[in-house]
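What follows is the content of upload-v3.csv (CSV, C-alpha atoms).
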chain,number,residue,atom,x,y,z
O,1,MET,CA,138.5,96.4,79.0
O,2,ILE,CA,142.0,96.2,77.5
O,3,PHE,CA,144.0,99.0,79.2
O,4,ARG,CA,147.3,100.1,77.6
O,5,ARG,CA,147.9,103.6,78.8
O,6,TYR,CA,149.5,105.1,82.0
O,7,LEU,CA,149.6,108.7,83.1
O,8,PRO,CA,152.0,109.2,86.0
O,9,LEU,CA,150.8,111.5,88.8
O,10,ALA,CA,152.6,112.5,92.0
O,11,LEU,CA,149.6,112.6,94.3
O,12,PRO,CA,150.3,111.0,97.7
O,13,LEU,CA,147.5,109.4,99.6
O,14,ALA,CA,147.3,107.6,103.0
O,15,ILE,CA,147.1,103.8,102.6
O,16,LEU,CA,144.8,101.6,104.6
O,17,SER,CA,144.9,97.8,104.7
O,18,CYS,CA,141.7,95.9,104.3
O,19,ALA,CA,139.8,94.5,101.3
O,20,ALA,CA,136.4,95.9,100.5
O,21,PRO,CA,133.5,93.5,100.3
O,22,SER,CA,131.7,92.9,97.0
O,23,ALA,CA,129.4,95.7,95.8
O,24,LEU,CA,127.1,93.0,94.3
O,25,GLY,CA,124.7,91.2,96.5
O,26,PRO,CA,123.7,87.5,95.9
O,27,ASN,CA,120.3,88.4,94.4
O,28,GLY,CA,121.5,91.2,92.2
O,29,SER,CA,121.4,94.1,94.6
O,30,VAL,CA,124.0,96.8,94.0
O,31,ALA,CA,125.7,98.7,96.8
O,32,ILE,CA,126.4,102.3,95.8
O,33,ARG,CA,129.7,103.5,97.4
O,34,PRO,CA,130.6,107.1,96.8
O,35,SER,CA,134.3,108.0,96.7
O,36,SER,CA,135.7,110.2,99.3
O,37,PRO,CA,135.9,114.0,98.5
O,38,THR,CA,139.7,113.6,98.3
O,39,LEU,CA,139.4,110.8,95.7
O,40,VAL,CA,136.8,112.8,93.7
O,41,THR,CA,139.0,115.9,93.7
O,42,GLN,CA,142.1,113.9,92.7
O,43,GLY,CA,140.2,112.0,90.1
O,44,ALA,CA,139.0,115.3,88.6
O,45,GLN,CA,142.6,116.6,88.6
O,46,ALA,CA,143.8,113.5,86.8
O,47,PHE,CA,141.1,113.7,84.2
O,48,LYS,CA,141.9,117.4,83.6
O,49,GLN,CA,145.6,116.5,83.0
O,50,MET,CA,144.5,113.7,80.6
O,51,LYS,CA,142.3,116.1,78.6
O,52,ALA,CA,145.3,118.5,78.4
O,53,SER,CA,147.7,115.9,77.3
O,54,LYS,CA,145.6,113.7,75.0
O,55,ARG,CA,143.9,114.6,71.8
O,56,LEU,CA,140.2,115.0,72.1
O,57,SER,CA,138.0,113.5,69.3
O,58,THR,CA,136.1,115.8,67.0
O,59,ASN,CA,134.0,113.0,65.6
O,60,ALA,CA,130.4,114.2,66.2
O,61,THR,CA,129.0,110.7,65.7
O,62,TYR,CA,131.1,109.2,68.5
O,63,ARG,CA,130.6,112.1,70.9
O,64,ASN,CA,126.8,112.2,70.3
O,65,GLN,CA,126.5,108.4,70.8
O,66,VAL,CA,128.5,108.6,74.1
O,67,ASN,CA,126.4,111.5,75.4
O,68,ARG,CA,123.2,109.7,74.4
O,69,VAL,CA,124.1,106.4,76.0
O,70,ALA,CA,125.7,108.0,79.1
O,71,SER,CA,122.6,110.1,79.7
O,72,ARG,CA,120.4,107.0,79.8
O,73,LEU,CA,122.7,105.1,82.1
O,74,THR,CA,123.3,107.9,84.6
O,75,GLN,CA,119.6,108.5,84.9
O,76,VAL,CA,119.2,105.1,86.5
O,77,ILE,CA,122.1,105.5,88.9
O,78,ASN,CA,121.9,107.5,92.1
O,79,LEU,CA,125.5,108.3,93.0
O,80,PRO,CA,125.6,111.1,95.5
O,81,ASN,CA,127.8,114.1,94.5
O,82,ALA,CA,128.6,112.5,91.1
O,83,GLN,CA,130.5,114.7,88.7
O,84,TRP,CA,129.7,112.7,85.5
O,85,GLU,CA,131.8,113.6,82.5
O,86,PHE,CA,132.3,111.5,79.4
O,87,VAL,CA,135.0,112.3,76.9
O,88,VAL,CA,136.1,110.7,73.7
O,89,PHE,CA,139.8,110.7,73.0
O,90,GLU,CA,141.3,110.4,69.6
O,91,ASP,CA,143.2,107.1,70.1
O,92,SER,CA,143.1,104.0,68.0
O,93,THR,CA,143.6,101.7,71.0
O,94,PRO,CA,140.2,100.1,71.9
O,95,ASN,CA,140.1,101.3,75.4
O,96,ALA,CA,138.0,102.9,78.1
O,97,PHE,CA,138.6,103.9,81.7
O,98,ALA,CA,137.0,105.6,84.7
O,99,LEU,CA,138.2,107.7,87.6
O,100,PRO,CA,136.6,108.5,90.9
O,101,GLY,CA,133.7,110.9,90.9
O,102,GLY,CA,132.4,110.0,87.5
O,103,LYS,CA,135.1,110.8,85.0
O,104,VAL,CA,135.0,108.4,82.0
O,105,GLY,CA,137.2,108.3,79.0
O,106,VAL,CA,136.5,106.4,75.8
O,107,ASN,CA,139.1,106.0,73.0
O,108,SER,CA,137.9,106.4,69.4
O,109,GLY,CA,139.3,103.0,68.5
O,110,LEU,CA,136.7,101.3,70.7
O,111,PHE,CA,133.8,102.1,68.4
O,112,GLN,CA,134.9,99.6,65.8
O,113,ILE,CA,134.1,96.9,68.5
O,114,THR,CA,131.1,98.4,70.3
O,115,GLN,CA,129.3,99.1,66.9
O,116,ASN,CA,126.0,100.1,68.4
O,117,ASP,CA,124.4,101.8,71.4
O,118,ALA,CA,124.0,98.6,73.3
O,119,GLY,CA,127.6,97.7,72.7
O,120,LEU,CA,128.7,101.1,73.9
O,121,ALA,CA,126.3,100.8,76.9
O,122,THR,CA,128.1,97.6,77.9
O,123,VAL,CA,131.4,99.4,78.1
O,124,LEU,CA,130.1,102.6,79.7
O,125,ALA,CA,128.1,100.7,82.3
O,126,HIS,CA,131.1,98.6,83.2
O,127,GLU,CA,133.2,101.8,83.7
O,128,ILE,CA,130.3,103.4,85.7
O,129,ALA,CA,130.2,100.3,87.9
O,130,HIS,CA,133.9,100.8,88.8
O,131,VAL,CA,132.9,104.3,89.9
O,132,THR,CA,129.7,103.4,91.9
O,133,SER,CA,131.6,100.4,93.5
O,134,ASN,CA,134.5,102.7,94.5
O,135,HIS,CA,137.0,100.3,93.2
O,136,ALA,CA,139.7,102.9,93.3
O,137,ASP,CA,139.5,103.0,97.0
O,138,ALA,CA,139.3,99.2,97.2
O,139,ARG,CA,142.6,99.0,95.3
O,140,ILE,CA,144.2,101.5,97.6
O,141,LYS,CA,143.1,99.6,100.7
O,142,ASN,CA,144.3,96.3,99.2
O,143,GLN,CA,147.9,97.4,99.0
O,144,THR,CA,150.4,99.4,101.1
O,145,GLY,CA,153.0,101.6,99.7
O,146,ILE,CA,151.4,103.0,96.6
O,147,GLY,CA,150.2,106.5,95.8
O,148,LEU,CA,147.0,107.7,94.1
O,149,GLY,CA,148.7,108.1,90.7
O,150,ALA,CA,149.3,104.4,90.6
O,151,ALA,CA,146.2,103.2,92.4
O,152,VAL,CA,143.5,105.3,90.7
O,153,LEU,CA,145.1,105.3,87.2
O,154,GLY,CA,145.9,101.7,87.4
O,155,SER,CA,142.9,101.0,85.3
O,156,ILE,CA,144.6,102.8,82.4
O,157,ILE,CA,147.5,100.3,82.2
O,158,GLY,CA,147.5,96.7,81.2
O,159,GLY,CA,149.8,93.9,80.2
O,160,GLU,CA,148.8,92.2,77.0
O,161,SER,CA,151.5,89.6,77.4
O,162,ALA,CA,153.7,88.0,80.0
O,163,GLU,CA,156.5,90.3,79.0
O,164,SER,CA,154.5,93.5,79.3
O,165,ALA,CA,153.0,92.3,82.6
O,166,THR,CA,156.4,91.6,84.0
O,167,GLN,CA,157.5,95.1,82.9
O,168,LEU,CA,154.5,96.6,84.6
O,169,LEU,CA,155.1,94.6,87.8
O,170,GLY,CA,158.6,95.9,87.9
O,171,SER,CA,157.8,99.6,87.2
O,172,ALA,CA,157.5,102.2,89.9
O,173,GLY,CA,154.2,103.3,88.5
O,174,ASN,CA,152.5,99.9,88.7
O,175,ILE,CA,149.6,99.5,91.0
O,176,ALA,CA,150.9,96.1,92.2
O,177,PHE,CA,147.9,95.4,94.2
O,178,GLY,CA,147.5,91.7,93.3
O,179,LEU,CA,146.3,90.5,89.9
O,180,THR,CA,143.6,88.2,91.3
O,181,PHE,CA,142.0,91.0,93.1
O,182,SER,CA,141.9,93.1,90.0
O,183,ARG,CA,140.3,90.4,87.9
O,184,SER,CA,137.6,89.8,90.5
O,185,ARG,CA,136.7,93.5,90.5
O,186,GLU,CA,136.6,93.5,86.7
O,187,LEU,CA,134.2,90.6,86.7
O,188,GLU,CA,132.1,92.4,89.4
O,189,ALA,CA,132.0,95.5,87.2
O,190,ASP,CA,130.9,93.4,84.3
O,191,ARG,CA,128.0,92.0,86.2
O,192,ILE,CA,126.9,95.3,87.8
O,193,GLY,CA,127.3,96.9,84.4
O,194,THR,CA,124.8,94.5,82.9
O,195,LEU,CA,122.3,95.4,85.6
O,196,PHE,CA,122.8,99.1,84.9
O,197,MET,CA,122.4,98.7,81.2
O,198,ALA,CA,119.3,96.6,81.7
O,199,ARG,CA,117.7,99.2,83.9
O,200,ALA,CA,118.5,101.8,81.3
O,201,GLY,CA,116.6,99.8,78.7
O,202,TYR,CA,119.6,98.0,76.9
O,203,ASP,CA,119.3,94.3,76.4
O,204,PRO,CA,122.0,92.7,78.7
O,205,ASN,CA,122.4,89.9,76.1
O,206,GLU,CA,124.3,92.6,74.1
O,207,ALA,CA,127.1,92.5,76.7
O,208,VAL,CA,127.9,89.0,75.6
O,209,ALA,CA,127.8,89.9,72.0
O,210,MET,CA,130.1,92.9,72.6
O,211,TRP,CA,132.7,90.7,74.3
O,212,GLN,CA,132.5,88.2,71.6
O,213,ARG,CA,133.4,90.9,69.1
O,214,PHE,CA,136.2,92.0,71.4
O,215,ALA,CA,137.4,88.4,71.5
O,216,ALA,CA,137.4,88.2,67.8
O,217,TYR,CA,139.4,91.5,67.7
O,218,ASN,CA,142.0,90.1,70.1
O,219,ASN,CA,142.3,86.9,68.2
O,220,ALA,CA,142.9,88.8,65.0
O,221,ASN,CA,145.5,91.1,66.7
O,222,GLY,CA,147.5,88.8,68.8
O,223,SER,CA,147.3,86.7,72.0
O,224,GLN,CA,146.1,88.2,75.3
O,225,GLY,CA,148.8,86.4,77.3
O,226,ALA,CA,148.4,84.1,80.3
O,227,GLU,CA,145.4,85.0,82.4
O,228,PHE,CA,147.3,84.7,85.7
O,229,LEU,CA,149.7,87.4,84.5
O,230,ARG,CA,146.9,89.8,83.5
O,231,THR,CA,145.1,92.4,85.6
O,232,HIS,CA,142.0,91.8,83.5
O,233,PRO,CA,140.3,88.5,82.7
O,234,LEU,CA,140.5,86.9,79.3
O,235,ASN,CA,137.5,87.5,77.1
O,236,GLU,CA,136.4,83.8,77.3
O,237,THR,CA,136.3,84.1,81.1
O,238,ARG,CA,134.2,87.3,80.9
O,239,ILE,CA,131.8,85.8,78.4
O,240,THR,CA,131.3,82.7,80.4
O,241,ALA,CA,130.7,84.7,83.6
O,242,LEU,CA,128.3,87.1,81.9
O,243,ARG,CA,126.3,84.2,80.4
O,244,GLU,CA,125.9,82.7,83.9
O,245,PHE,CA,124.7,86.1,85.3
O,246,LEU,CA,122.3,87.0,82.4
O,247,PRO,CA,119.2,85.5,84.1
O,248,VAL,CA,119.7,87.9,87.0
O,249,ALA,CA,120.3,90.9,84.7
O,250,GLN,CA,117.3,90.0,82.4
O,251,LYS,CA,115.0,90.5,85.4
O,252,GLU,CA,115.9,94.2,85.3
O,253,TYR,CA,115.4,94.6,81.6
O,254,ARG,CA,112.4,96.5,80.3
O,255,ASN,CA,112.5,97.4,76.6
Write the structure described by the file as structure tokens, please.
Amino acid sequence: MIFRRYLPLALPLAILSCAAPSALGPNGSVAIRPSSPTLVTQGAQAFKQMKASKRLSTNATYRNQVNRVASRLTQVINLPNAQWEFVVFEDSTPNAFALPGGKVGVNSGLFQITQNDAGLATVLAHEIAHVTSNHADARIKNQTGIGLGAAVLGSIIGGESAESATQLLGSAGNIAFGLTFSRSRELEADRIGTLFMARAGYDPNEAVAMWQRFAAYNNANGSQGAEFLRTHPLNETRITALREFLPVAQKEYRN
């Protein structure tokens, strides 16, 4: 997704130094990797702070749709000790994010792009994939010298241009773990997300359609900037990667 928000936290965490292997097997198998109790607790604390500091949406249509789609998705995912919670924030920025343990936030501005249940399932399944793959821990292990506030909440920031990316790289709160690593995890979450949505009865072809709508939105609202300066892949890259993966995801789809 396009991430533009950062919530600073002063939550120290020990840092290790090895990159986690992919959670996606060559034949479409998915490794479920629960977060540590520490990460789950700190993720819940971060989400609590966000709910206290950001305006919650009162739009019943949005909230009901999120609850409906999230219910279908979480039923096909066996994440031990998951504390699933899905909240819609009143924010025009088309954005979504996930924190360890199953805390997922969706901005109201995203619904103009998702448009339907399958489109929303694309986004939620992507965020759920970050959680089940324990990408927060992978980010921490991939970089020394950063704290949980930067590592876990790194998914809530994002450079939309070379200038903003440079500012983020120079800021104390930046995750600074290596942009290529981040893009690879985003593409992994895209692929795993299509498997999750297919298992929940959503056509994975809709993931491509949703990203095409996102590409159109970005084209209408300004450039995404150079890909090598972004923590998230360009829409064209994601669309191509998803199309290549669709035959695998389609095997999981039962409508």
Practice task
Using only C-alpha atoms, determine which residues lie at most 9 Å from Ala118 (chain O), disregarding the query and same-chain residues fewer than 6 positions distant; provide the list as a PyMOL selection string.
Solution key: chain O and resi 69+197+202-204+206-207+210
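For the set O:Val87, O:Val208, O:Ala216, O:Ala31, the residue with the smallest atom-to-atom gap to Val131 (chain O) is O:Ala31, counting all atoms listed in the file.
Rounded to one decimal, CA of Ser133 (chain O) and CA of Ala96 (chain O) lie 16.9 Å from each other.
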Skip Glu244 (chain O) itself and residues of its chain fewer than 5 positions away, then list as a short mmCIF file (atom, residue, chain, number, x, y, z; two decimals) with C-alpha atoms, in the coordinates of the input all residues within 12 Å of it, counting only C-alpha atoms.
data_model
loop_
_atom_site.label_atom_id
_atom_site.label_comp_id
_atom_site.auth_asym_id
_atom_site.auth_seq_id
_atom_site.Cartn_x
_atom_site.Cartn_y
_atom_site.Cartn_z
CA LEU O 187 134.20 90.60 86.70
CA ASP O 190 130.90 93.40 84.30
CA ARG O 191 128.00 92.00 86.20
CA THR O 194 124.80 94.50 82.90
CA PRO O 204 122.00 92.70 78.70
CA ASN O 205 122.40 89.90 76.10
CA VAL O 208 127.90 89.00 75.60
CA THR O 237 136.30 84.10 81.10
CA ARG O 238 134.20 87.30 80.90
CA ILE O 239 131.80 85.80 78.40
CA ALA O 249 120.30 90.90 84.70
CA GLN O 250 117.30 90.00 82.40
#
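Among O:Arg243, O:Arg199, O:Arg185, O:His130, the residue with the shortest atom-to-atom distance to Gly101 (chain O), counting all atoms listed in the file, is O:His130.
Rounded to one decimal, CA of Ser92 (chain O) and CA of Lys48 (chain O) lie 20.6 Å from each other.
Of the listed residues (O:Ile113, O:Ala121, O:Ala220, O:Val248), O:Val248 comes nearest to Pro26 (chain O); the distances count all atoms listed in the file.
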Practice task
Determine the nearest neighbour of Val40 (chain O) from the options O:Pro80, O:Pro100, O:Pro94, O:Gly28, counting only C-alpha atoms.
Solution key: O:Pro100
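Each of O:Leu24, O:Thr93, O:Leu242, O:Ala70 was compared to Asn221 (chain O) using all atoms listed in the file, and O:Thr93 turns out to be the nearest.
Between CA of Tyr62 (chain O) and CA of Phe86 (chain O) lies a distance of 11.2 Å.
Of the listed residues (O:Glu85, O:Thr114, O:Arg33, O:Asn59), O:Glu85 comes nearest to Ser71 (chain O); the distances count only C-alpha atoms.
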Handout entry: Contacts of Ser108 (chain O) within 6 Å, all atoms listed in the file, excl. fewer than 4 positions in-chain, as a ChimeraX atom specification
Key = /O:89-92
Take the point (112.8, 99.1, 77.8) as written in the file and pick out every residue within 10 Å of it, counting all atoms listed in the file; give the list as an mmCIF file with C-alpha atoms, in the frame of the given file.
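Contents of the output file out_20.cif:
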data_model
loop_
_atom_site.group_PDB
_atom_site.id
_atom_site.type_symbol
_atom_site.label_atom_id
_atom_site.label_comp_id
_atom_site.auth_asym_id
_atom_site.auth_seq_id
_atom_site.Cartn_x
_atom_site.Cartn_y
_atom_site.Cartn_z
ATOM 1 C CA ALA O 198 119.300 96.600 81.700
ATOM 2 C CA ARG O 199 117.700 99.200 83.900
ATOM 3 C CA ALA O 200 118.500 101.800 81.300
ATOM 4 C CA GLY O 201 116.600 99.800 78.700
ATOM 5 C CA TYR O 202 119.600 98.000 76.900
ATOM 6 C CA ASP O 203 119.300 94.300 76.400
ATOM 7 C CA GLU O 252 115.900 94.200 85.300
ATOM 8 C CA TYR O 253 115.400 94.600 81.600
ATOM 9 C CA ARG O 254 112.400 96.500 80.300
ATOM 10 C CA ASN O 255 112.500 97.400 76.600
#
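Neighbouring residues of Ser35 (chain O) at 10 Å or closer, counting only C-alpha atoms and skipping chain neighbours under 3 positions away, are Ile32, Thr38, Leu39, Val40, Thr41, Gly43, Leu79, Pro80, Asn81, Ala82, Leu99, Pro100, Gly101, Gly102, Val131, Thr132, Ser133, Asn134, His135, Ala136 and Asp137 of chain O.
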